[in-house]
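Here's my_file_1.tsv, which has TSV, C-alpha atoms and all ligand atoms:
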```tsv
chain	number	residue	atom	x	y	z
A	849	MET	CA	29.30	19.96	-72.85
A	850	THR	CA	31.20	22.62	-74.86
A	851	ARG	CA	33.62	24.64	-72.79
A	852	PRO	CA	33.99	28.32	-73.66
A	853	ASN	CA	37.16	29.03	-75.61
A	854	SER	CA	39.22	31.00	-73.11
A	855	THR	CA	41.96	31.97	-75.53
A	856	SER	CA	39.92	34.41	-77.61
A	857	PRO	CA	38.62	37.81	-76.39
A	858	ALA	CA	35.18	38.10	-74.81
A	859	TRP	CA	35.33	41.91	-74.98
A	860	ASP	CA	36.64	44.51	-77.39
A	861	ASP	CA	36.69	48.31	-77.15
A	862	ARG	CA	33.40	48.70	-78.99
A	863	LEU	CA	31.53	46.27	-76.69
A	864	LEU	CA	33.10	47.91	-73.65
A	865	GLU	CA	31.45	51.26	-74.45
A	866	ASN	CA	28.52	49.73	-72.57
A	867	PRO	CA	29.04	46.06	-71.71
A	868	HIS	CA	25.65	45.93	-69.92
A	869	ALA	CA	23.82	46.57	-73.19
A	870	VAL	CA	25.56	43.74	-75.05
A	871	GLN	CA	23.00	41.12	-76.02
A	872	ASP	CA	25.05	38.06	-75.12
A	873	LYS	CA	26.50	39.57	-71.95
A	874	ARG	CA	25.73	36.37	-70.03
A	875	ALA	CA	27.89	34.15	-72.27
A	876	ARG	CA	30.71	36.69	-72.41
A	877	VAL	CA	30.76	37.11	-68.62
A	878	GLN	CA	30.81	33.36	-68.12
A	879	LYS	CA	33.64	32.85	-70.60
A	880	MET	CA	35.68	35.59	-68.95
A	881	PHE	CA	35.27	34.22	-65.40
A	882	ALA	CA	36.06	30.68	-66.52
A	883	ALA	CA	39.34	31.99	-67.94
A	884	ILE	CA	40.44	34.00	-64.90
A	885	ALA	CA	39.22	31.66	-62.15
A	886	PRO	CA	42.67	30.25	-61.18
A	887	SER	CA	44.23	33.69	-60.57
A	888	TYR	CA	41.05	35.41	-59.39
A	889	ASP	CA	41.98	35.57	-55.69
A	890	ILE	CA	45.50	36.92	-56.03
A	891	ASN	CA	44.33	39.66	-58.40
A	892	ASN	CA	41.53	40.58	-56.00
A	893	ARG	CA	43.80	40.88	-53.00
A	894	LEU	CA	46.56	42.71	-54.80
A	895	HIS	CA	44.45	45.21	-56.74
A	896	SER	CA	42.20	46.07	-53.82
A	897	LEU	CA	45.32	46.51	-51.64
A	898	TRP	CA	43.98	43.73	-49.43
A	899	MET	CA	40.75	45.65	-48.79
A	900	ASP	CA	38.44	43.12	-50.46
A	901	GLN	CA	38.24	40.80	-47.47
A	902	LYS	CA	37.47	43.77	-45.21
A	903	TRP	CA	34.57	44.70	-47.48
A	904	ARG	CA	33.24	41.15	-47.32
A	905	ARG	CA	33.59	41.18	-43.57
A	906	LYS	CA	31.44	44.33	-43.46
A	907	ALA	CA	28.86	42.50	-45.56
A	908	VAL	CA	28.82	39.66	-43.02
A	909	GLU	CA	28.39	42.19	-40.21
A	910	LEU	CA	25.47	43.88	-41.99
A	911	ALA	CA	23.80	40.51	-42.56
A	912	ARG	CA	23.35	40.23	-38.78
A	913	LEU	CA	23.33	36.45	-38.83
A	914	LYS	CA	21.46	34.67	-36.10
A	915	GLY	CA	21.79	31.09	-34.90
A	916	GLU	CA	20.50	28.55	-37.33
A	917	GLU	CA	19.83	30.79	-40.30
A	918	ALA	CA	20.05	29.72	-43.92
A	919	VAL	CA	22.36	31.82	-46.12
A	920	VAL	CA	22.52	31.82	-49.91
A	921	ASP	CA	25.55	33.51	-51.43
A	922	LEU	CA	25.02	34.28	-55.11
A	923	ALA	CA	27.76	34.63	-57.73
A	924	CYS	CA	29.97	33.06	-55.07
A	925	GLY	CA	33.03	32.76	-57.32
A	926	THR	CA	35.91	31.27	-55.33
A	927	GLY	CA	33.76	31.37	-52.22
A	928	ASP	CA	35.25	34.18	-50.12
A	929	LEU	CA	31.94	35.66	-48.99
A	930	THR	CA	30.28	32.26	-48.73
A	931	ILE	CA	33.04	31.09	-46.40
A	932	ALA	CA	32.97	34.37	-44.49
A	933	MET	CA	29.25	33.89	-44.00
A	934	SER	CA	29.93	30.48	-42.55
A	935	HIS	CA	32.49	32.16	-40.33
A	936	GLY	CA	35.47	30.08	-41.30
A	937	LEU	CA	37.78	32.96	-42.06
A	938	TRP	CA	37.14	35.32	-39.21
A	939	PRO	CA	36.85	33.71	-35.81
A	940	GLU	CA	37.77	37.15	-34.46
A	941	LEU	CA	34.28	38.27	-35.43
A	942	GLY	CA	33.70	36.98	-31.92
A	943	ASP	CA	30.24	38.05	-30.97
A	944	TRP	CA	28.91	37.66	-34.47
A	945	PRO	CA	27.61	34.15	-34.35
A	946	PRO	CA	28.39	32.02	-37.38
A	947	ALA	CA	25.59	30.86	-39.59
A	948	ARG	CA	25.08	27.42	-38.16
A	949	GLY	CA	22.34	26.68	-40.58
A	950	GLN	CA	22.81	25.76	-44.21
A	951	VAL	CA	25.08	27.96	-46.31
A	952	ILE	CA	24.77	27.67	-50.08
A	953	GLY	CA	27.17	29.14	-52.64
A	954	ILE	CA	25.84	29.46	-56.19
A	955	ASP	CA	27.72	30.47	-59.33
A	956	PHE	CA	26.96	29.94	-63.00
A	957	THR	CA	30.68	29.55	-63.90
A	958	PHE	CA	31.43	25.96	-63.06
A	959	GLU	CA	35.23	26.55	-63.02
A	960	MET	CA	34.88	28.69	-59.87
A	961	LEU	CA	33.22	26.02	-57.74
A	962	PRO	CA	36.05	23.45	-57.29
A	963	LEU	CA	38.29	26.35	-56.22
A	964	ALA	CA	35.69	27.50	-53.68
A	965	ARG	CA	35.25	24.01	-52.32
A	966	ALA	CA	38.99	23.38	-52.04
A	967	LYS	CA	39.39	26.69	-50.19
A	968	ALA	CA	36.66	25.86	-47.69
A	969	ARG	CA	38.22	22.44	-47.12
A	970	SER	CA	41.73	23.78	-46.64
A	971	ILE	CA	40.50	26.30	-44.06
A	972	ASN	CA	38.65	23.56	-42.29
A	973	GLU	CA	41.71	21.36	-42.19
A	974	GLY	CA	44.17	24.21	-41.39
A	975	PRO	CA	45.04	25.75	-38.01
A	976	LYS	CA	42.09	28.16	-38.09
A	977	GLY	CA	39.73	25.34	-38.91
A	978	LYS	CA	39.72	23.93	-35.40
A	979	ASN	CA	36.15	23.54	-34.24
A	980	LEU	CA	34.90	25.22	-37.39
A	981	THR	CA	32.71	23.56	-39.92
A	982	THR	CA	33.20	25.75	-42.96
A	983	ASP	CA	32.97	23.02	-45.55
A	984	ASP	CA	30.59	20.63	-43.84
A	985	HIS	CA	27.61	22.86	-44.17
A	986	ILE	CA	28.40	24.68	-47.42
A	987	LEU	CA	26.64	23.38	-50.48
A	988	TRP	CA	28.12	24.55	-53.81
A	989	ILE	CA	25.68	24.77	-56.71
A	990	ASN	CA	26.24	25.57	-60.38
A	991	GLY	CA	23.25	27.83	-61.03
A	992	ASP	CA	22.03	31.17	-62.31
A	993	ALA	CA	21.10	34.13	-60.09
A	994	GLN	CA	18.20	34.92	-62.42
A	995	SER	CA	16.56	31.57	-61.90
A	996	LEU	CA	17.41	30.01	-58.56
A	997	PRO	CA	16.94	26.30	-57.90
A	998	LEU	CA	15.43	27.12	-54.49
A	999	PRO	CA	11.90	27.16	-53.11
A	1000	ASP	CA	10.05	30.35	-52.17
A	1001	ALA	CA	10.81	31.80	-48.73
A	1002	SER	CA	13.62	29.36	-47.96
A	1003	ALA	CA	16.53	31.70	-47.03
A	1004	ASP	CA	17.18	34.15	-44.21
A	1005	VAL	CA	20.03	35.95	-45.95
A	1006	VAL	CA	20.81	36.30	-49.64
A	1007	SER	CA	24.15	37.88	-50.46
A	1008	ILE	CA	25.94	38.76	-53.66
A	1009	ALA	CA	29.44	40.29	-53.76
A	1010	PHE	CA	30.73	41.92	-56.95
A	1011	GLY	CA	28.18	39.87	-58.84
A	1012	ILE	CA	25.06	41.95	-59.48
A	1013	ARG	CA	26.95	44.13	-62.03
A	1014	ASN	CA	27.82	41.00	-63.98
A	1015	VAL	CA	24.29	39.61	-64.11
A	1016	ALA	CA	22.57	40.16	-67.46
A	1017	ASP	CA	19.27	41.35	-65.89
A	1018	PRO	CA	19.91	42.70	-62.35
A	1019	LEU	CA	16.23	43.48	-61.64
A	1020	MET	CA	15.21	39.94	-62.55
A	1021	ALA	CA	17.90	38.60	-60.19
A	1022	ILE	CA	16.85	40.91	-57.32
A	1023	ARG	CA	13.26	39.73	-57.77
A	1024	GLU	CA	14.52	36.15	-57.50
A	1025	PHE	CA	16.35	37.05	-54.28
A	1026	HIS	CA	13.10	38.49	-52.94
A	1027	ARG	CA	11.23	35.31	-53.86
A	1028	VAL	CA	13.61	32.99	-52.01
A	1029	LEU	CA	13.91	35.16	-48.88
A	1030	ARG	CA	11.66	34.60	-45.91
A	1031	PRO	CA	9.76	37.59	-44.49
A	1032	GLY	CA	12.32	39.52	-42.41
A	1033	GLY	CA	15.16	38.09	-44.54
A	1034	ARG	CA	18.04	40.35	-45.54
A	1035	LEU	CA	19.46	40.99	-48.99
A	1036	ILE	CA	23.12	42.06	-48.92
A	1037	ILE	CA	24.66	43.42	-52.12
A	1038	LEU	CA	28.33	44.34	-52.20
A	1039	GLU	CA	29.39	46.09	-55.38
A	1040	PHE	CA	32.05	48.39	-56.75
A	1041	SER	CA	31.17	52.04	-57.14
A	1042	LEU	CA	33.09	55.25	-57.79
A	1043	PRO	CA	34.12	57.91	-55.27
A	1044	THR	CA	31.66	60.83	-55.32
A	1045	ASN	CA	34.49	63.35	-54.90
A	1046	ARG	CA	35.56	64.38	-58.41
A	1047	VAL	CA	39.29	64.54	-57.71
A	1048	LEU	CA	39.30	61.17	-55.97
A	1049	ARG	CA	37.20	59.70	-58.77
A	1050	GLY	CA	39.68	60.94	-61.37
A	1051	LEU	CA	42.65	59.50	-59.49
A	1052	TYR	CA	40.86	56.25	-58.86
A	1053	ASN	CA	39.82	55.92	-62.49
A	1054	PHE	CA	43.39	56.51	-63.60
A	1055	TYR	CA	44.46	53.54	-61.49
A	1056	PHE	CA	41.35	51.52	-62.41
A	1057	ARG	CA	41.50	52.10	-66.17
A	1058	GLN	CA	45.19	52.58	-66.88
A	1059	ILE	CA	47.15	50.51	-64.35
A	1060	LEU	CA	44.96	47.66	-63.07
A	1061	PRO	CA	44.06	46.23	-66.52
A	1062	ARG	CA	47.74	45.91	-67.40
A	1063	THR	CA	48.98	44.38	-64.14
A	1064	ALA	CA	45.97	42.10	-63.64
A	1065	THR	CA	46.12	40.88	-67.24
A	1066	PHE	CA	49.83	40.19	-66.85
A	1067	ILE	CA	49.31	38.19	-63.64
A	1068	SER	CA	46.39	36.17	-64.98
A	1069	GLY	CA	47.69	35.74	-68.53
A	1070	ASP	CA	44.12	36.56	-69.53
A	1071	LYS	CA	43.19	36.89	-73.18
A	1072	THR	CA	39.47	37.50	-72.77
A	1073	GLY	CA	39.67	41.18	-71.83
A	1074	ALA	CA	38.38	40.54	-68.30
A	1075	TYR	CA	40.39	43.31	-66.69
A	1076	LYS	CA	39.42	45.87	-69.30
A	1077	TYR	CA	35.80	44.87	-68.72
A	1078	LEU	CA	36.13	45.43	-64.95
A	1079	PRO	CA	36.57	49.25	-64.88
A	1080	GLU	CA	34.26	49.82	-67.83
A	1081	SER	CA	31.50	47.68	-66.31
A	1082	VAL	CA	31.75	49.70	-63.09
A	1083	ASN	CA	31.78	53.06	-64.89
A	1084	THR	CA	28.73	52.18	-67.00
A	1085	PHE	CA	26.72	50.37	-64.30
A	1086	ILE	CA	23.68	51.92	-62.60
A	1087	GLY	CA	24.38	54.41	-59.81
A	1088	ARG	CA	23.76	53.97	-56.10
A	1089	GLU	CA	20.32	55.63	-56.13
A	1090	GLN	CA	19.23	53.48	-59.04
A	1091	MET	CA	20.42	50.39	-57.18
A	1092	THR	CA	18.45	51.23	-54.04
A	1093	GLY	CA	15.47	52.12	-56.27
A	1094	MET	CA	15.71	48.74	-57.97
A	1095	MET	CA	15.76	46.96	-54.62
A	1096	GLN	CA	12.66	48.88	-53.52
A	1097	HIS	CA	10.98	48.19	-56.84
A	1098	ALA	CA	11.58	44.45	-56.28
A	1099	GLY	CA	9.77	44.75	-52.93
A	1100	PHE	CA	12.57	45.34	-50.41
A	1101	GLN	CA	12.07	47.70	-47.48
A	1102	GLN	CA	14.41	49.67	-45.22
A	1103	VAL	CA	16.88	49.80	-48.09
A	1104	GLU	CA	20.17	51.35	-47.01
A	1105	GLN	CA	23.58	51.91	-48.58
A	1106	PHE	CA	26.93	51.86	-46.79
A	1107	PRO	CA	29.80	53.34	-48.84
A	1108	LEU	CA	33.20	51.82	-48.03
A	1109	THR	CA	36.78	53.07	-48.64
A	1110	PHE	CA	36.01	56.50	-50.18
A	1111	GLY	CA	33.05	54.96	-52.01
A	1112	VAL	CA	34.99	52.58	-54.26
A	1113	CYS	CA	32.74	49.89	-52.87
A	1114	VAL	CA	29.19	50.04	-51.48
A	1115	CYS	CA	27.27	47.57	-49.37
A	1116	TYR	CA	23.49	47.71	-49.84
A	1117	ARG	CA	21.02	46.10	-47.46
A	1118	GLY	CA	17.30	45.58	-47.90
A	1119	ILE	CA	14.75	43.69	-45.82
A	1120	ARG	CA	12.05	41.47	-47.25
A	1121	ALA	CA	8.83	42.68	-45.72
B	1	LIG	C1	33.55	39.29	-59.63
B	1	LIG	S1	33.09	37.63	-59.30
B	1	LIG	C2	32.63	37.71	-57.60
B	1	LIG	C3	32.92	36.43	-56.86
B	1	LIG	C4	32.72	36.46	-55.35
B	1	LIG	N1	31.36	36.80	-55.00
B	1	LIG	C5	33.68	37.38	-54.65
B	1	LIG	O1	33.28	38.06	-53.71
B	1	LIG	O2	34.86	37.39	-55.02
B	1	LIG	C6	31.55	37.55	-60.11
B	1	LIG	C7	30.98	36.16	-60.19
B	1	LIG	O3	29.63	36.30	-60.63
B	1	LIG	C8	29.31	35.12	-61.34
B	1	LIG	N2	28.07	35.41	-62.08
B	1	LIG	C9	27.84	36.38	-62.98
B	1	LIG	N3	26.58	36.33	-63.42
B	1	LIG	C10	25.99	35.30	-62.76
B	1	LIG	C11	24.69	34.75	-62.76
B	1	LIG	N4	23.73	35.24	-63.57
B	1	LIG	N5	24.41	33.73	-61.95
B	1	LIG	C12	25.36	33.22	-61.13
B	1	LIG	N6	26.63	33.68	-61.10
B	1	LIG	C13	26.93	34.71	-61.90
B	1	LIG	C14	30.56	34.89	-62.17
B	1	LIG	O4	30.64	33.58	-62.66
B	1	LIG	C15	31.66	35.23	-61.16
B	1	LIG	O5	32.13	34.08	-60.50
```
Can you present the structure in this file as structure tokens?
Ligand SMILES: C[S@@+](CC[C@H](N)C(=O)[O-])C[C@H]1O[C@@H](n2cnc3c(N)ncnc32)[C@H](O)[C@@H]1O
Amino acid sequence: MTRPNSTSPAWDDRLLENPHAVQDKRARVQKMFAAIAPSYDINNRLHSLWMDQKWRRKAVELARLKGEEAVVDLACGTGDLTIAMSHGLWPELGDWPPARGQVIGIDFTFEMLPLARAKARSINEGPKGKNLTTDDHILWINGDAQSLPLPDASADVVSIAFGIRNVADPLMAIREFHRVLRPGGRLIILEFSLPTNRVLRGLYNFYFRQILPRTATFISGDKTGAYKYLPESVNTFIGREQMTGMMQHAGFQQVEQFPLTFGVCVCYRGIRA
């Protein structure tokens, strides 16, 4: 198997004018995530000012997990939302019952999966792991959100955090999510957005475009352009109304959006009829 060459850029300024329109977006995205996988978590925590886990926790809350449900977390990366769904990280969620059924984390960048698995194991073996079974019932699969290796109507919750923007064909992926969900199943999409207030948006974009790419690139030692891609891929991605429209178009009902932290992040929920 040929590994992507992580020492050459995946993105340049011309491609970043609209990274979603680039024909080989899939390969470029994969190459970029393979390169930044080892420092992915620290950059997430630091550059979201430790808000990222709060956003994932909101996603878990909106999933309204019940008893023995089956959860599929797409574009799972290093597994933070997958593990949150299996309740390992937040015992203080208290009344929110953990998903005691099967939890599956799927990502098409293989390099992410050993990190996710090691994290789940270390939580399980650490002080918070007592009586928790975070790793035992998580299955990690190297697969593509656009073509899931799962049967029809086999999941109760499908989630995807900061992943749908990176998928080459988001509508195709959302249709796949609809296919694998059971009637009554919930789709949870967590994704970056921009504040609707113009002043806040300007300030945020200054941080997002001018500061974050420099500090995150320094920390990761990245040469692929991953942290230049991040703000540009958010700025050029479909808006919130288009996202809810896409979910409805794929067949989801009761589609709602929940803006978080001045709208820099949005959690979308839709129900499979
Ligand atoms: C920004 S990371 C998000 C990781 C994780 N969900 C989190 O909350 O931190 C995006 C992930 O999406 C994955 N990805 C992008 N396109 C994908 C696809 N078509 N199928 C599966 N995974 C994909 C990448 O490999 C990467 O790990």
Contacts of chain A with ligand LIG 1 (chain B) up to 9 Å, shortest pair per row, all atoms listed in the file, as a Markdown table:
```
| residue | atom | partner | partner_atom | distance |
| --- | --- | --- | --- | --- |
| A:Arg874 | CA | B:LIG1 | N3 | 6.7 |
| A:Val877 | CA | B:LIG1 | C9 | 6.4 |
| A:Gln878 | CA | B:LIG1 | O4 | 5.5 |
| A:Lys879 | CA | B:LIG1 | O4 | 8.5 |
| A:Met880 | CA | B:LIG1 | O4 | 8.3 |
| A:Phe881 | CA | B:LIG1 | O4 | 5.4 |
| A:Ala882 | CA | B:LIG1 | O4 | 7.3 |
| A:Ala885 | CA | B:LIG1 | O5 | 7.7 |
| A:Tyr888 | CA | B:LIG1 | O2 | 7.8 |
| A:Asp889 | CA | B:LIG1 | O2 | 7.4 |
| A:Asn892 | CA | B:LIG1 | O2 | 7.5 |
| A:Asp900 | CA | B:LIG1 | O1 | 7.9 |
| A:Gln901 | CA | B:LIG1 | O1 | 8.4 |
| A:Arg904 | CA | B:LIG1 | O1 | 7.1 |
| A:Asp921 | CA | B:LIG1 | N1 | 7.6 |
| A:Leu922 | CA | B:LIG1 | C12 | 6.1 |
| A:Ala923 | CA | B:LIG1 | N6 | 3.7 |
| A:Cys924 | CA | B:LIG1 | N1 | 4.0 |
| A:Gly925 | CA | B:LIG1 | O5 | 3.6 |
| A:Thr926 | CA | B:LIG1 | C4 | 6.1 |
| A:Gly927 | CA | B:LIG1 | C4 | 6.1 |
| A:Asp928 | CA | B:LIG1 | O1 | 5.6 |
| A:Leu929 | CA | B:LIG1 | O1 | 5.5 |
| A:Thr930 | CA | B:LIG1 | N1 | 7.8 |
| A:Ile954 | CA | B:LIG1 | C12 | 6.2 |
| A:Asp955 | CA | B:LIG1 | N6 | 3.8 |
| A:Phe956 | CA | B:LIG1 | C12 | 4.1 |
| A:Thr957 | CA | B:LIG1 | O4 | 4.2 |
| A:Phe958 | CA | B:LIG1 | O4 | 7.7 |
| A:Glu959 | CA | B:LIG1 | O4 | 8.4 |
| A:Met960 | CA | B:LIG1 | O5 | 6.1 |
| A:Leu961 | CA | B:LIG1 | O5 | 8.6 |
| A:Asn990 | CA | B:LIG1 | C12 | 7.7 |
| A:Gly991 | CA | B:LIG1 | C12 | 5.8 |
| A:Asp992 | CA | B:LIG1 | N5 | 3.5 |
| A:Ala993 | CA | B:LIG1 | N5 | 3.8 |
| A:Gln994 | CA | B:LIG1 | N4 | 5.7 |
| A:Ser995 | CA | B:LIG1 | N5 | 8.1 |
| A:Leu996 | CA | B:LIG1 | N5 | 8.6 |
| A:Ser1007 | CA | B:LIG1 | N1 | 8.6 |
| A:Ile1008 | CA | B:LIG1 | N1 | 5.9 |
| A:Ala1009 | CA | B:LIG1 | N1 | 4.2 |
| A:Phe1010 | CA | B:LIG1 | C2 | 4.7 |
| A:Gly1011 | CA | B:LIG1 | O3 | 4.2 |
| A:Ile1012 | CA | B:LIG1 | N3 | 7.0 |
| A:Arg1013 | CA | B:LIG1 | C9 | 7.9 |
| A:Asn1014 | CA | B:LIG1 | C9 | 4.7 |
| A:Val1015 | CA | B:LIG1 | N3 | 4.1 |
| A:Ala1016 | CA | B:LIG1 | N4 | 6.4 |
| A:Asp1017 | CA | B:LIG1 | N4 | 7.9 |
| A:Pro1018 | CA | B:LIG1 | N4 | 8.5 |
| A:Ala1021 | CA | B:LIG1 | N4 | 7.5 |
| A:Leu1038 | CA | B:LIG1 | O1 | 8.1 |
| A:Leu1078 | CA | B:LIG1 | C1 | 8.5 |
```
Separation of CA of Asn891 in chain A from CA of Phe1066 in chain A, in Å and rounded to one decimal:
10.1 Å
Return the single residue from A:Met933, A:Ile1036, A:Leu1029, A:Leu963 that is closest to His985 in chain A, with distances computed using all atoms listed in the file.
A:Met933
Quick one: pull the distance between CA of Thr1063 in chain A and CA of Trp859 in chain A, Å, one decimal.
17.6 Å
Which residue, A:Ser896, A:Ser970, A:Thr1084, A:Thr1092, has the smallest gap to His868 in chain A when you use all atoms listed in the file?
A:Thr1084
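For Gln1058 in chain A, the non-local neighbours within 12 Å, defined as residues at least 6 positions apart in the same chain or in other chains and counting only C-alpha atoms, are Gly1050, Leu1051, Tyr1052, Ala1064, Thr1065, Tyr1075, Lys1076, Leu1078, Pro1079 and Glu1080 of chain A.
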